[in-house]
>>> print(open('input_31.cif').read())   # mmCIF, C-alpha atoms
data_target
loop_
_atom_site.label_atom_id
_atom_site.label_comp_id
_atom_site.auth_asym_id
_atom_site.auth_seq_id
_atom_site.Cartn_x
_atom_site.Cartn_y
_atom_site.Cartn_z
CA VAL G 1320 5.24 -60.30 -28.16
CA SER G 1321 4.08 -62.88 -25.66
CA ALA G 1322 2.23 -61.95 -22.53
CA LYS G 1323 5.11 -63.10 -20.31
CA HIS G 1324 7.38 -60.43 -21.84
CA LEU G 1325 4.97 -57.59 -21.15
CA ARG G 1326 5.80 -55.46 -18.12
CA ARG G 1327 3.05 -54.71 -15.70
CA PRO G 1328 2.86 -51.06 -14.65
CA LEU G 1329 4.19 -50.46 -11.17
CA PRO G 1330 1.48 -49.74 -8.59
CA ARG G 1331 1.13 -46.08 -7.64
CA ARG G 1332 2.00 -45.23 -4.05
CA PRO G 1333 -0.72 -43.61 -1.91
CA LEU G 1334 -0.16 -40.02 -0.81
CA ARG G 1335 -0.89 -40.79 2.83
CA GLY G 1336 2.47 -42.56 3.11
CA LEU G 1337 4.47 -39.54 1.96
CA LYS G 1338 5.81 -37.70 4.99
CA PRO G 1339 7.37 -34.20 4.91
CA GLY G 1340 11.10 -34.37 4.25
CA LYS G 1341 11.00 -37.70 2.39
CA LYS G 1342 13.34 -37.66 -0.62
CA LEU G 1343 11.94 -38.93 -3.90
CA ARG G 1344 13.10 -39.35 -7.47
CA GLY G 1345 10.68 -37.92 -9.99
CA THR G 1346 10.12 -36.90 -13.59
CA VAL G 1347 9.04 -33.41 -14.60
CA SER G 1348 5.66 -33.55 -16.32
CA ARG G 1349 4.05 -30.14 -16.87
CA SER G 1350 4.85 -26.51 -16.03
CA PHE G 1351 2.58 -23.53 -15.52
CA ASN G 1352 3.11 -19.98 -14.28
CA PHE G 1353 2.14 -21.08 -10.75
CA GLY G 1354 4.53 -24.05 -10.59
CA THR G 1355 5.74 -27.34 -12.05
CA PHE G 1356 4.19 -30.79 -11.62
CA VAL G 1357 6.48 -33.76 -10.98
CA ASP G 1358 5.59 -37.44 -11.28
CA VAL G 1359 7.00 -39.20 -8.20
CA GLY G 1360 5.19 -42.49 -8.72
CA ALA G 1361 2.25 -41.51 -6.52
CA VAL G 1362 -1.44 -41.60 -7.35
CA ARG G 1363 -1.14 -37.99 -8.49
CA ASP G 1364 1.69 -35.64 -9.45
CA GLY G 1365 3.20 -33.29 -6.89
CA LEU G 1366 3.53 -29.54 -7.37
CA VAL G 1367 6.72 -27.49 -6.95
CA VAL G 1368 5.84 -23.80 -6.66
CA PRO G 1369 8.52 -21.22 -7.62
CA PHE G 1370 9.38 -20.46 -3.97
CA HIS G 1371 10.50 -24.08 -3.52
CA MET G 1372 12.79 -24.04 -6.56
CA TYR G 1373 15.64 -21.99 -5.08
CA GLU G 1374 17.69 -21.46 -1.93
CA GLY G 1375 17.05 -18.43 0.25
CA LYS G 1376 14.47 -15.67 0.07
CA LYS G 1377 15.20 -14.42 -3.45
CA PRO G 1378 16.08 -16.45 -6.57
CA LYS G 1379 19.34 -15.91 -8.44
CA LEU G 1380 18.04 -16.05 -11.99
CA THR G 1381 20.20 -17.75 -14.61
CA PRO G 1382 19.94 -18.27 -18.39
CA GLY G 1383 17.09 -20.59 -19.30
CA ASP G 1384 14.93 -19.76 -16.29
CA ALA G 1385 11.28 -19.13 -17.20
CA VAL G 1386 9.89 -15.90 -15.77
CA GLU G 1387 7.07 -13.41 -16.00
CA VAL G 1388 7.79 -9.72 -16.57
CA ARG G 1389 5.51 -6.98 -15.29
CA SER G 1390 4.36 -4.41 -17.83
CA GLU G 1391 3.52 -0.80 -17.06
CA ASP G 1392 -0.21 -1.58 -16.98
CA GLY G 1393 0.34 -4.23 -14.29
CA THR G 1394 -0.09 -7.26 -16.54
CA TRP G 1395 2.54 -10.02 -16.78
CA ARG G 1396 4.22 -11.46 -19.90
CA SER G 1397 5.98 -14.82 -20.08
CA ALA G 1398 9.67 -14.71 -20.99
CA THR G 1399 12.97 -16.59 -20.68
CA ILE G 1400 16.12 -15.24 -19.05
CA GLN G 1401 18.96 -14.94 -21.57
CA GLU G 1402 21.64 -13.37 -19.39
CA PRO G 1403 22.08 -11.05 -16.40
CA LYS G 1404 22.65 -7.38 -17.23
CA GLY G 1405 24.52 -5.99 -14.28
CA LYS G 1406 23.18 -6.53 -10.77
CA ARG G 1407 19.64 -5.25 -11.17
CA SER G 1408 18.43 -6.19 -14.64
CA TYR G 1409 18.27 -9.02 -17.17
CA LEU G 1410 18.10 -9.57 -20.88
CA VAL G 1411 15.01 -11.62 -21.67
CA MET G 1412 13.21 -12.96 -24.72
CA PHE G 1413 9.44 -12.77 -24.51
CA ASP G 1414 7.55 -15.92 -25.44
CA ASP G 1415 5.15 -13.97 -27.66
CA SER G 1416 7.89 -12.01 -29.42
CA GLU G 1417 7.87 -12.47 -33.21
CA ASP G 1418 11.21 -10.80 -33.98
CA GLU G 1419 13.11 -12.67 -31.20
CA GLU G 1420 14.80 -9.48 -30.04
CA LEU G 1421 16.18 -9.32 -26.50
CA GLU G 1422 14.83 -6.73 -24.09
CA GLU G 1423 16.34 -5.43 -20.88
CA VAL G 1424 14.06 -5.55 -17.84
CA ALA G 1425 14.53 -4.48 -14.24
CA ASP G 1426 14.99 -7.12 -11.54
CA GLN G 1427 12.04 -5.73 -9.55
CA ASP G 1428 9.70 -6.39 -12.50
CA VAL G 1429 10.64 -10.08 -12.88
CA ARG G 1430 9.24 -13.10 -11.06
CA LEU G 1431 10.34 -16.70 -11.47
CA THR G 1432 7.94 -19.36 -12.77
CA ARG G 1433 10.33 -22.26 -13.49
CA VAL G 1434 14.07 -22.85 -13.09
CA ALA G 1435 15.89 -24.11 -16.18
CA SER G 1436 16.55 -27.55 -14.70
CA LEU G 1437 12.83 -28.34 -14.57
CA LYS G 1438 12.47 -29.16 -18.24
CA GLU G 1439 9.71 -31.55 -19.23
CA GLY G 1440 10.93 -35.14 -18.97
CA ALA G 1441 13.91 -34.33 -16.74
CA SER G 1442 14.68 -36.66 -13.80
CA ILE G 1443 15.13 -34.78 -10.54
CA ASP G 1444 15.35 -35.28 -6.80
CA VAL G 1445 12.59 -33.66 -4.74
CA PHE G 1446 11.51 -33.55 -1.11
CA VAL G 1447 7.97 -33.92 0.15
CA ASN G 1448 6.91 -30.55 1.52
CA ASN G 1449 3.37 -31.41 2.49
CA ALA G 1450 0.60 -33.88 1.70
CA ALA G 1451 -2.88 -32.71 2.60
CA ARG G 1452 -6.53 -32.89 1.60
CA ILE G 1453 -7.64 -29.66 -0.10
CA SER G 1454 -11.22 -29.12 -1.27
CA GLY G 1455 -11.87 -32.83 -0.85
CA GLU G 1456 -8.85 -33.92 -2.90
CA GLN G 1457 -5.55 -35.30 -1.63
CA ARG G 1458 -2.66 -33.19 -2.93
CA ILE G 1459 1.10 -33.16 -2.51
CA SER G 1460 3.49 -30.23 -2.58
CA LEU G 1461 7.20 -30.76 -3.26
CA SER G 1462 10.43 -28.84 -2.83
CA LEU G 1463 13.80 -28.87 -4.55
CA VAL G 1464 15.34 -27.47 -1.37
CA GLU G 1465 15.44 -29.65 1.75
CA SER G 1466 15.88 -26.68 4.09
CA LYS G 1467 12.55 -25.23 2.90
CA VAL G 1468 10.50 -28.32 3.76
CA GLY G 1469 7.53 -27.31 5.88
CA THR G 1470 7.65 -23.65 4.84
CA GLN G 1471 5.16 -21.68 2.78
CA PRO G 1472 5.80 -18.90 0.23
CA PRO G 1473 5.60 -15.42 1.77
CA VAL G 1474 2.52 -13.41 0.88
CA ARG G 1475 3.34 -9.94 -0.39
CA SER G 1476 0.68 -7.26 -0.16
CA PRO G 1477 0.75 -4.38 -2.66
CA ASP G 1478 1.61 -0.91 -1.37
CA LEU G 1479 -1.75 0.81 -1.19
CA SER G 1480 -0.63 3.81 0.88
CA PRO G 1481 -0.83 6.25 -2.10
CA PHE G 1482 -4.58 5.57 -2.32
CA GLN G 1483 -5.31 6.62 1.27
CA ALA G 1484 -5.19 10.33 0.51
CA ILE G 1485 -7.35 10.20 -2.61
CA PRO G 1486 -10.71 11.98 -2.20
CA HIS G 1487 -13.67 9.67 -2.75
CA GLU G 1488 -14.94 11.89 -5.56
CA ASP G 1489 -11.75 11.53 -7.66
CA TRP G 1490 -11.81 9.12 -10.60
CA LEU G 1491 -8.96 6.75 -11.49
CA ASP G 1492 -8.14 4.67 -14.57
CA ALA G 1493 -8.41 0.90 -14.22
CA LYS G 1494 -8.56 -2.23 -16.34
CA VAL G 1495 -10.66 -5.37 -15.80
CA ALA G 1496 -8.37 -8.28 -14.89
CA GLU G 1497 -10.96 -10.89 -13.89
CA SER G 1498 -14.71 -11.23 -13.39
CA GLY G 1499 -16.68 -13.56 -11.16
CA PRO G 1500 -20.08 -14.09 -9.55
CA PHE G 1501 -19.46 -11.49 -6.85
CA GLY G 1502 -17.70 -8.72 -8.72
CA LEU G 1503 -14.72 -7.56 -10.75
CA SER G 1504 -10.98 -7.70 -10.07
CA LEU G 1505 -9.25 -4.67 -11.54
CA SER G 1506 -5.75 -3.43 -12.23
CA VAL G 1507 -5.67 0.17 -11.00
CA GLN G 1508 -3.24 2.95 -11.82
CA PRO G 1509 -2.01 4.77 -8.67
CA PRO G 1510 -2.38 8.56 -8.49
CA GLY G 1511 0.53 10.26 -10.20
CA GLY G 1512 1.38 7.16 -12.22
CA GLY G 1513 3.42 4.09 -11.40
CA ARG G 1514 2.76 0.36 -11.43
CA ALA G 1515 -0.81 -0.80 -11.35
CA VAL G 1516 -2.12 -2.58 -8.24
CA PRO G 1517 -5.06 -4.97 -7.79
CA GLY G 1518 -8.42 -3.62 -6.69
CA TRP G 1519 -11.90 -5.05 -6.18
CA VAL G 1520 -15.36 -3.86 -7.22
CA HIS G 1521 -18.26 -5.70 -5.60
CA LYS G 1522 -21.18 -6.30 -7.95
CA ILE G 1523 -23.35 -3.76 -6.10
CA ASP G 1524 -20.77 -1.10 -6.99
CA ILE G 1525 -20.53 -1.82 -10.74
CA ARG G 1526 -23.57 0.31 -11.61
CA ASP G 1527 -26.97 1.38 -10.29
CA GLY G 1528 -29.65 -1.26 -10.27
CA PHE G 1529 -29.71 -5.00 -9.63
CA ILE G 1530 -26.87 -7.05 -11.16
CA GLU G 1531 -27.35 -10.79 -11.42
CA ASP G 1532 -24.18 -11.71 -13.33
CA PRO G 1533 -21.13 -9.41 -13.08
CA THR G 1534 -19.35 -11.36 -15.84
CA VAL G 1535 -21.60 -9.80 -18.47
CA GLU G 1536 -21.09 -6.27 -17.19
CA ALA G 1537 -17.48 -5.87 -18.39
CA GLU G 1538 -15.00 -7.66 -20.63
CA LEU G 1539 -11.49 -8.73 -19.64
CA GLY G 1540 -9.05 -5.97 -20.50
CA GLN G 1541 -11.78 -3.35 -20.67
CA GLU G 1542 -10.78 0.10 -19.42
CA VAL G 1543 -13.04 1.56 -16.74
CA SER G 1544 -13.14 4.52 -14.36
CA VAL G 1545 -13.33 3.93 -10.62
CA ARG G 1546 -13.38 5.77 -7.32
CA VAL G 1547 -11.79 4.66 -4.06
CA LYS G 1548 -14.34 3.27 -1.61
CA ALA G 1549 -12.07 1.88 1.12
CA VAL G 1550 -8.37 1.15 1.66
CA ASP G 1551 -6.93 -1.46 4.04
CA VAL G 1552 -3.15 -1.08 3.78
CA ASP G 1553 -2.33 -3.81 6.30
CA ALA G 1554 -4.52 -6.40 4.58
CA GLY G 1555 -3.60 -5.23 1.08
CA ARG G 1556 -7.25 -4.67 0.07
CA LEU G 1557 -8.43 -1.87 -2.17
CA SER G 1558 -12.21 -1.56 -2.50
CA LEU G 1559 -13.45 0.43 -5.48
CA THR G 1560 -16.70 1.60 -7.01
CA MET G 1561 -17.68 2.31 -10.62
CA ARG G 1562 -20.85 4.12 -9.58
CA GLY G 1563 -21.09 7.89 -9.88
#
>>> encode(input="input_31.cif", output="structure tokens")
Amino acid sequence: VSAKHLRRPLPRRPLRGLKPGKKLRGTVSRSFNFGTFVDVGAVRDGLVVPFHMYEGKKPKLTPGDAVEVRSEDGTWRSATIQEPKGKRSYLVMFDDSEDEELEEVADQDVRLTRVASLKEGASIDVFVNNAARISGEQRISLSLVESKVGTQPPVRSPDLSPFQAIPHEDWLDAKVAESGPFGLSLSVQPPGGGRAVPGWVHKIDIRDGFIEDPTVEAELGQEVSVRVKAVDVDAGRLSLTMRG
């Protein structure tokens, strides 16, 4: 093939020229539980978060939609919607299921991660939601819904009111969800049972003595016992201690 028949790659457009509301044609590249990246011909892919994949405040899930389903211990499992089951539940197939059996799950325990139309390689129309510099890097957020341009996903705080009446000396069951340089994020069972909620243990409350690296103090998924240290219902913060 001669050089004159080779096509030069088209130059990538800078993000600074992408204004909110601008309609673009793009190609779906990669999907994660937090959203889907779309190649719109810019210097970097744009991200469509689940909130910007549907009209209104709540998605109407359809077959093929990728979701996460909340388990009793508060963890989430990836699944695919197979069909609605009445008005308040769905039949799903879990991604890690070996027998490929369908399971019925309640609507309140399901959250969308990707609509079926956002398959890898699909060509779609998107709208620029925002282009901004975050942590020193220029990033672009996109929306499938023009009426949602300029809006942000609502932040939902967990209901921590059941923990307000718990005496500080009472112990609760919890599981380590994440560890970092300042402490541990836990999944905590409410008193009397129910769905687990997120809680936080600062490194000074993991055990007696000096702790340099909280990540070596507990493993992910490890079951621990905790006591309530402080509850901020309005802010959705539950502070815990593992110290006796």
>>> residues_around(input="input_31.cif", residues="range 1328-1340 of chain G", least_positions_apart="6", cutoff="12 Å", atoms="only C-alpha atoms", output="PyMOL selection string")
chain G and resi 1358-1365+1444-1452+1456-1470
>>> closest_residue(input="input_31.cif", among="G:Pro1481, G:Leu1539, G:Ile1530, G:Phe1370", to="Glu1497 in chain G", atoms="all atoms listed in the file")
G:Leu1539
>>> closest_residue(input="input_31.cif", among="G:Ala1435, G:Val1411, G:Ala1425, G:Leu1557", to="Asp1384 in chain G", atoms="all atoms listed in the file")
G:Ala1435
>>> residues_around(input="input_31.cif", residues="range 1547-1552 of chain G", least_positions_apart="2", cutoff="9 Å", atoms="all atoms listed in the file", output="compact mmCIF listing (two decimals) with C-alpha atoms, in the frame of the given file")
# COMPACT_ATOMS: atom_id res chain seq x y z
CA SER G 1476 0.68 -7.26 -0.16
CA PRO G 1477 0.75 -4.38 -2.66
CA ASP G 1478 1.61 -0.91 -1.37
CA LEU G 1479 -1.75 0.81 -1.19
CA SER G 1480 -0.63 3.81 0.88
CA PHE G 1482 -4.58 5.57 -2.32
CA GLN G 1483 -5.31 6.62 1.27
CA ILE G 1485 -7.35 10.20 -2.61
CA PRO G 1486 -10.71 11.98 -2.20
CA HIS G 1487 -13.67 9.67 -2.75
CA GLU G 1488 -14.94 11.89 -5.56
CA ASP G 1489 -11.75 11.53 -7.66
CA TRP G 1490 -11.81 9.12 -10.60
CA LEU G 1491 -8.96 6.75 -11.49
CA VAL G 1545 -13.33 3.93 -10.62
CA ALA G 1554 -4.52 -6.40 4.58
CA GLY G 1555 -3.60 -5.23 1.08
CA ARG G 1556 -7.25 -4.67 0.07
CA LEU G 1557 -8.43 -1.87 -2.17
CA SER G 1558 -12.21 -1.56 -2.50
CA LEU G 1559 -13.45 0.43 -5.48
CA THR G 1560 -16.70 1.60 -7.01
>>> resolve_selection(input="input_31.cif", expression="the PyMOL selection byres ((chain G and resi 1398) around 9)", output="NGL selection string")
:G and (1384-1388 or 1396-1397 or 1399-1400 or 1411-1415)
>>> resolve_selection(input="input_31.cif", expression="the PyMOL selection byres ((chain G and resi 1441) around 9)", output="ChimeraX atom specification")
/G:1345-1348,1436-1440,1442-1443
>>> atom_distance(input="input_31.cif", atom1="CA of Leu1505 in chain G", atom2="CA of Tyr1409 in chain G")
28.4 Å
>>> resolve_selection(input="input_31.cif", expression="the PyMOL selection byres ((chain G and resi 1422) around 8)", output="number ranges by chain")
G: 1410-1412, 1420-1421, 1423-1424
>>> residues_around(input="input_31.cif", residues="Glu1538 in chain G", least_positions_apart="2", cutoff="9 Å", atoms="all atoms listed in the file", output="PyMOL selection string")
chain G and resi 1495-1498+1534-1536+1540-1542
>>> closest_residue(input="input_31.cif", among="G:Val1434, G:Val1507, G:Val1368, G:Met1561", to="Ile1523 in chain G", atoms="only C-alpha atoms")
G:Met1561
>>> closest_residue(input="input_31.cif", among="G:Lys1376, G:Arg1514, G:Gly1383, G:Arg1526", to="Arg1433 in chain G", atoms="all atoms listed in the file")
G:Gly1383
>>> atom_distance(input="input_31.cif", atom1="CA of Arg1407 in chain G", atom2="CA of Gln1427 in chain G")
7.8 Å
>>> atom_distance(input="input_31.cif", atom1="CA of Pro1382 in chain G", atom2="CA of Leu1366 in chain G")
22.8 Å
>>> axis_aligned_box(input="input_31.cif", around="range 1542-1558 of chain G", padding_each_side="5 Å", output="lines of an AutoDock Vina configuration file")
center_x = -8.3
center_y = -0.3
center_z = -6.6
size_x = 22.0
size_y = 22.2
size_z = 35.7
>>> residues_around(input="input_31.cif", residues="Gly1354 in chain G", least_positions_apart="2", cutoff="7 Å", atoms="only C-alpha atoms", output="list in words")
Ser1350, Phe1351, Asn1352, Phe1356, Leu1366, Val1367, Val1368, Pro1369, Thr1432 and Arg1433 of chain G
>>> closest_residue(input="input_31.cif", among="G:Lys1406, G:His1371, G:His1521, G:Lys1494", to="Asp1426 in chain G", atoms="only C-alpha atoms")
G:Lys1406
>>> decode(input="input_31.cif", residues="range 1504-1535 of chain G", atoms="N, CA and C atoms", output="CSV table (one decimal), in the first residue's frame")
chain,number,residue,atom,x,y,z
G,1504,SER,N,-13.0,1.6,56.4
G,1504,SER,CA,-14.4,1.8,56.1
G,1504,SER,C,-15.0,0.4,56.3
G,1505,LEU,N,-16.1,0.4,57.0
G,1505,LEU,CA,-16.8,-0.8,57.4
G,1505,LEU,C,-18.2,-0.8,56.9
G,1506,SER,N,-18.7,-2.0,56.8
G,1506,SER,CA,-20.2,-2.3,56.5
G,1506,SER,C,-20.8,-2.8,57.8
G,1507,VAL,N,-21.7,-2.1,58.4
G,1507,VAL,CA,-22.2,-2.3,59.8
G,1507,VAL,C,-23.6,-2.8,59.8
G,1508,GLN,N,-23.9,-3.8,60.5
G,1508,GLN,CA,-25.3,-4.3,60.7
G,1508,GLN,C,-26.0,-3.4,61.7
G,1509,PRO,N,-27.2,-2.9,61.3
G,1509,PRO,CA,-28.0,-2.1,62.3
G,1509,PRO,C,-28.5,-3.0,63.4
G,1510,PRO,N,-28.8,-2.4,64.6
G,1510,PRO,CA,-29.4,-3.1,65.7
G,1510,PRO,C,-30.7,-3.7,65.3
G,1511,GLY,N,-30.9,-5.0,65.6
G,1511,GLY,CA,-32.2,-5.6,65.2
G,1511,GLY,C,-32.2,-6.2,63.8
G,1512,GLY,N,-31.0,-6.1,63.1
G,1512,GLY,CA,-31.0,-6.6,61.8
G,1512,GLY,C,-31.3,-5.6,60.7
G,1513,GLY,N,-31.3,-6.0,59.5
G,1513,GLY,CA,-31.6,-5.1,58.4
G,1513,GLY,C,-30.4,-5.0,57.5
G,1514,ARG,N,-30.4,-4.0,56.5
G,1514,ARG,CA,-29.3,-3.8,55.6
G,1514,ARG,C,-28.2,-3.1,56.3
G,1515,ALA,N,-27.0,-3.6,55.9
G,1515,ALA,CA,-25.8,-2.9,56.4
G,1515,ALA,C,-25.6,-1.5,55.9
G,1516,VAL,N,-25.0,-0.7,56.7
G,1516,VAL,CA,-24.7,0.7,56.3
G,1516,VAL,C,-23.2,1.0,56.5
G,1517,PRO,N,-22.7,2.0,55.8
G,1517,PRO,CA,-21.3,2.3,55.9
G,1517,PRO,C,-20.9,3.0,57.2
G,1518,GLY,N,-19.8,2.6,57.8
G,1518,GLY,CA,-19.3,3.3,59.0
G,1518,GLY,C,-17.8,3.5,58.8
G,1519,TRP,N,-17.2,4.3,59.7
G,1519,TRP,CA,-15.8,4.7,59.6
G,1519,TRP,C,-15.1,4.5,61.0
G,1520,VAL,N,-14.0,3.9,61.0
G,1520,VAL,CA,-13.1,3.7,62.1
G,1520,VAL,C,-11.8,4.5,61.9
G,1521,HIS,N,-11.5,5.5,62.6
G,1521,HIS,CA,-10.2,6.2,62.4
G,1521,HIS,C,-9.2,5.3,63.0
G,1522,LYS,N,-7.9,5.5,62.5
G,1522,LYS,CA,-6.9,4.6,62.9
G,1522,LYS,C,-6.6,4.6,64.4
G,1523,ILE,N,-6.9,5.7,65.1
G,1523,ILE,CA,-6.6,5.8,66.5
G,1523,ILE,C,-7.6,4.9,67.3
G,1524,ASP,N,-8.7,4.5,66.6
G,1524,ASP,CA,-9.8,3.7,67.2
G,1524,ASP,C,-9.8,2.3,66.8
G,1525,ILE,N,-8.7,1.8,66.1
G,1525,ILE,CA,-8.7,0.4,65.7
G,1525,ILE,C,-8.2,-0.4,66.8
G,1526,ARG,N,-7.2,0.0,67.6
G,1526,ARG,CA,-6.8,-0.7,68.8
G,1526,ARG,C,-5.9,0.3,69.6
G,1527,ASP,N,-5.6,-0.2,70.8
G,1527,ASP,CA,-4.7,0.6,71.7
G,1527,ASP,C,-3.3,0.6,71.1
G,1528,GLY,N,-2.6,1.7,71.3
G,1528,GLY,CA,-1.2,1.8,70.8
G,1528,GLY,C,-1.2,2.6,69.5
G,1529,PHE,N,0.1,2.9,69.1
G,1529,PHE,CA,0.3,3.6,67.9
G,1529,PHE,C,0.1,2.8,66.7
G,1530,ILE,N,-0.6,3.3,65.7
G,1530,ILE,CA,-0.8,2.5,64.4
G,1530,ILE,C,-0.2,3.4,63.3
G,1531,GLU,N,0.7,2.9,62.6
G,1531,GLU,CA,1.3,3.6,61.5
G,1531,GLU,C,0.6,3.3,60.2
G,1532,ASP,N,0.2,2.1,59.9
G,1532,ASP,CA,-0.4,1.7,58.7
G,1532,ASP,C,-1.7,0.9,58.9
G,1533,PRO,N,-2.9,1.5,58.9
G,1533,PRO,CA,-4.1,0.8,59.1
G,1533,PRO,C,-4.4,-0.4,58.2
G,1534,THR,N,-3.8,-0.3,57.0
G,1534,THR,CA,-4.0,-1.4,56.0
G,1534,THR,C,-3.5,-2.7,56.4
G,1535,VAL,N,-2.6,-2.8,57.4
G,1535,VAL,CA,-2.1,-4.1,57.8
G,1535,VAL,C,-2.8,-4.5,59.1
